[in-house]
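Reproduced below: entry_25.cif, with mmCIF, C-alpha atoms, pLDDT in the B column; chains and numbers go by the auth columns.
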data_model
#
loop_
_atom_site.group_PDB
_atom_site.id
_atom_site.type_symbol
_atom_site.label_atom_id
_atom_site.label_comp_id
_atom_site.label_asym_id
_atom_site.label_seq_id
_atom_site.Cartn_x
_atom_site.Cartn_y
_atom_site.Cartn_z
_atom_site.B_iso_or_equiv
_atom_site.auth_seq_id
_atom_site.auth_asym_id
ATOM 1 C CA MET A 1 81.118 158.391 73.162 82.00 1 A
ATOM 2 C CA PRO A 2 82.346 156.891 69.844 88.00 2 A
ATOM 3 C CA GLN A 3 85.883 157.926 70.789 92.00 3 A
ATOM 4 C CA VAL A 4 85.700 155.828 73.947 93.00 4 A
ATOM 5 C CA LEU A 5 84.506 152.809 71.957 93.00 5 A
ATOM 6 C CA LEU A 6 87.285 153.328 69.421 93.00 6 A
ATOM 7 C CA LEU A 7 89.851 153.598 72.214 94.00 7 A
ATOM 8 C CA PHE A 8 88.447 150.476 73.852 95.00 8 A
ATOM 9 C CA ALA A 9 88.598 148.537 70.546 94.00 9 A
ATOM 10 C CA ALA A 10 92.197 149.674 69.935 95.00 10 A
ATOM 11 C CA GLY A 11 93.181 148.624 73.468 95.00 11 A
ATOM 12 C CA ALA A 12 91.546 145.224 73.038 96.00 12 A
ATOM 13 C CA GLY A 13 93.372 144.742 69.727 95.00 13 A
ATOM 14 C CA LEU A 14 96.699 145.659 71.300 96.00 14 A
ATOM 15 C CA LEU A 15 95.999 143.310 74.180 97.00 15 A
ATOM 16 C CA LEU A 16 95.280 140.409 71.826 97.00 16 A
ATOM 17 C CA ALA A 17 98.335 141.156 69.683 97.00 17 A
ATOM 18 C CA GLY A 18 100.521 141.391 72.785 97.00 18 A
ATOM 19 C CA ARG A 19 99.182 138.113 74.091 97.00 19 A
ATOM 20 C CA ARG A 20 99.843 136.400 70.748 98.00 20 A
ATOM 21 C CA TRP A 21 103.424 137.740 70.720 98.00 21 A
ATOM 22 C CA TYR A 22 103.968 136.681 74.344 98.00 22 A
ATOM 23 C CA LEU A 23 102.771 133.124 73.696 98.00 23 A
ATOM 24 C CA ALA A 24 104.954 132.840 70.579 98.00 24 A
ATOM 25 C CA GLU A 25 107.994 134.011 72.541 98.00 25 A
ATOM 26 C CA GLN A 26 107.157 131.593 75.326 98.00 26 A
ATOM 27 C CA ARG A 27 107.038 128.679 72.838 98.00 27 A
ATOM 28 C CA ARG A 28 110.293 129.786 71.167 98.00 28 A
ATOM 29 C CA ILE A 29 112.154 130.022 74.471 98.00 29 A
ATOM 30 C CA ALA A 30 110.789 126.663 75.622 98.00 30 A
ATOM 31 C CA ALA A 31 112.028 125.073 72.375 98.00 31 A
ATOM 32 C CA GLU A 32 115.491 126.611 72.852 98.00 32 A
ATOM 33 C CA LEU A 33 115.643 125.339 76.428 98.00 33 A
ATOM 34 C CA ARG A 34 114.546 121.875 75.328 98.00 34 A
ATOM 35 C CA ALA A 35 117.270 121.802 72.639 97.00 35 A
ATOM 36 C CA ALA A 36 119.894 122.962 75.148 97.00 36 A
ATOM 37 C CA GLU A 37 118.831 120.330 77.679 97.00 37 A
ATOM 38 C CA GLU A 38 119.037 117.620 75.000 96.00 38 A
ATOM 39 C CA ALA A 39 122.524 118.804 74.000 95.00 39 A
ATOM 40 C CA ILE A 40 123.673 118.736 77.633 94.00 40 A
ATOM 41 C CA ALA A 41 122.206 115.258 78.136 94.00 41 A
ATOM 42 C CA GLU A 42 123.947 114.044 74.968 93.00 42 A
ATOM 43 C CA ARG A 43 127.250 115.568 76.097 90.00 43 A
ATOM 44 C CA ASP A 44 126.934 114.007 79.551 89.00 44 A
ATOM 45 C CA ALA A 45 126.142 110.583 78.064 89.00 45 A
ATOM 46 C CA ARG A 46 129.548 110.410 76.337 86.00 46 A
ATOM 47 C CA PRO A 47 132.422 108.988 78.378 85.00 47 A
ATOM 48 C CA ILE A 48 135.070 111.411 79.581 84.00 48 A
ATOM 49 C CA GLU A 49 138.450 110.922 77.949 85.00 49 A
ATOM 50 C CA ARG A 50 141.383 110.544 80.313 89.00 50 A
ATOM 51 C CA LEU A 51 144.289 112.906 79.780 90.00 51 A
ATOM 52 C CA GLU A 52 147.894 111.838 79.717 92.00 52 A
ATOM 53 C CA ARG A 53 150.910 114.119 80.030 92.00 53 A
ATOM 54 C CA ASP A 54 153.291 114.047 77.067 91.00 54 A
ATOM 55 C CA PRO A 55 156.771 113.857 78.646 91.00 55 A
ATOM 56 C CA ALA A 56 158.456 115.505 75.653 91.00 56 A
ATOM 57 C CA THR A 57 156.291 118.644 75.565 92.00 57 A
ATOM 58 C CA GLY A 58 154.578 118.654 78.945 90.00 58 A
ATOM 59 C CA ILE A 59 151.188 119.080 77.275 94.00 59 A
ATOM 60 C CA TYR A 60 148.201 117.049 78.466 91.00 60 A
ATOM 61 C CA ARG A 61 146.426 115.235 75.630 90.00 61 A
ATOM 62 C CA PRO A 62 143.740 112.551 75.376 87.00 62 A
ATOM 63 C CA ARG A 63 145.299 109.092 75.643 83.00 63 A
ATOM 64 C CA SER A 64 144.330 108.099 72.104 70.00 64 A
ATOM 65 C CA MET A 65 146.141 111.120 70.622 55.00 65 A
ATOM 66 C CA SER A 66 149.313 110.928 72.707 47.00 66 A
ATOM 67 C CA ARG A 67 149.948 107.301 71.745 52.00 67 A
ATOM 68 C CA GLY A 68 151.023 106.665 68.191 50.00 68 A
ATOM 69 C CA ALA A 69 152.013 109.230 65.578 50.00 69 A
ATOM 70 C CA GLU A 70 152.631 112.843 66.552 52.00 70 A
ATOM 71 C CA ASN A 71 150.324 115.559 65.385 52.00 71 A
ATOM 72 C CA PRO A 72 151.467 116.534 61.822 48.00 72 A
ATOM 73 C CA ARG A 73 150.930 120.241 62.511 52.00 73 A
ATOM 74 C CA HIS A 74 153.738 120.363 65.091 46.00 74 A
#
Conversion result in structure tokens:
Amino acid sequence: MPQVLLLFAAGAGLLLAGRRWYLAEQRRIAAELRAAEEAIAERDARPIERLERDPATGIYRPRSMSRGAENPRH
């Protein structure tokens, strides 16, 4: 009979530890999702830059970059 009680106590301990781990994982994943949703909302709040084709190279660039000085790396 003591073996059954010991087995029951070990099972209850594993159940509690598993539940604690599950809840911690659930909170961690919810925090990651919340951060990702905030990043997407921030990205979507910014205006979209219009692209303009550079006639010399044929490359599409944002309007602010294609007007003015050329890129020094080229």
Please write as a list in words the full residue list that the PyMOL selection byres ((chain A and resi 62) around 6) yields on this file. Arg50, Leu51, Arg61, Arg63, Ser64 and Met65 of chain A
Between atom CA of Gly18 of chain A and atom CA of Gln3 of chain A, measure the distance and give it in Å to one decimal.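 Taking atom CA of Gly18 of chain A and atom CA of Gln3 of chain A, their separation equals 22.2 Å.
Here atom CA of Glu38 of chain A is placed at a distance of 18.3 Å from atom CA of Gln26 of chain A.
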Can you tell me how far atom CA of Glu25 of chain A sits from atom CA of Ala9 of chain A, in Å to one decimal?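 We find that atom CA of Glu25 of chain A and atom CA of Ala9 of chain A lie 24.3 Å from each other.
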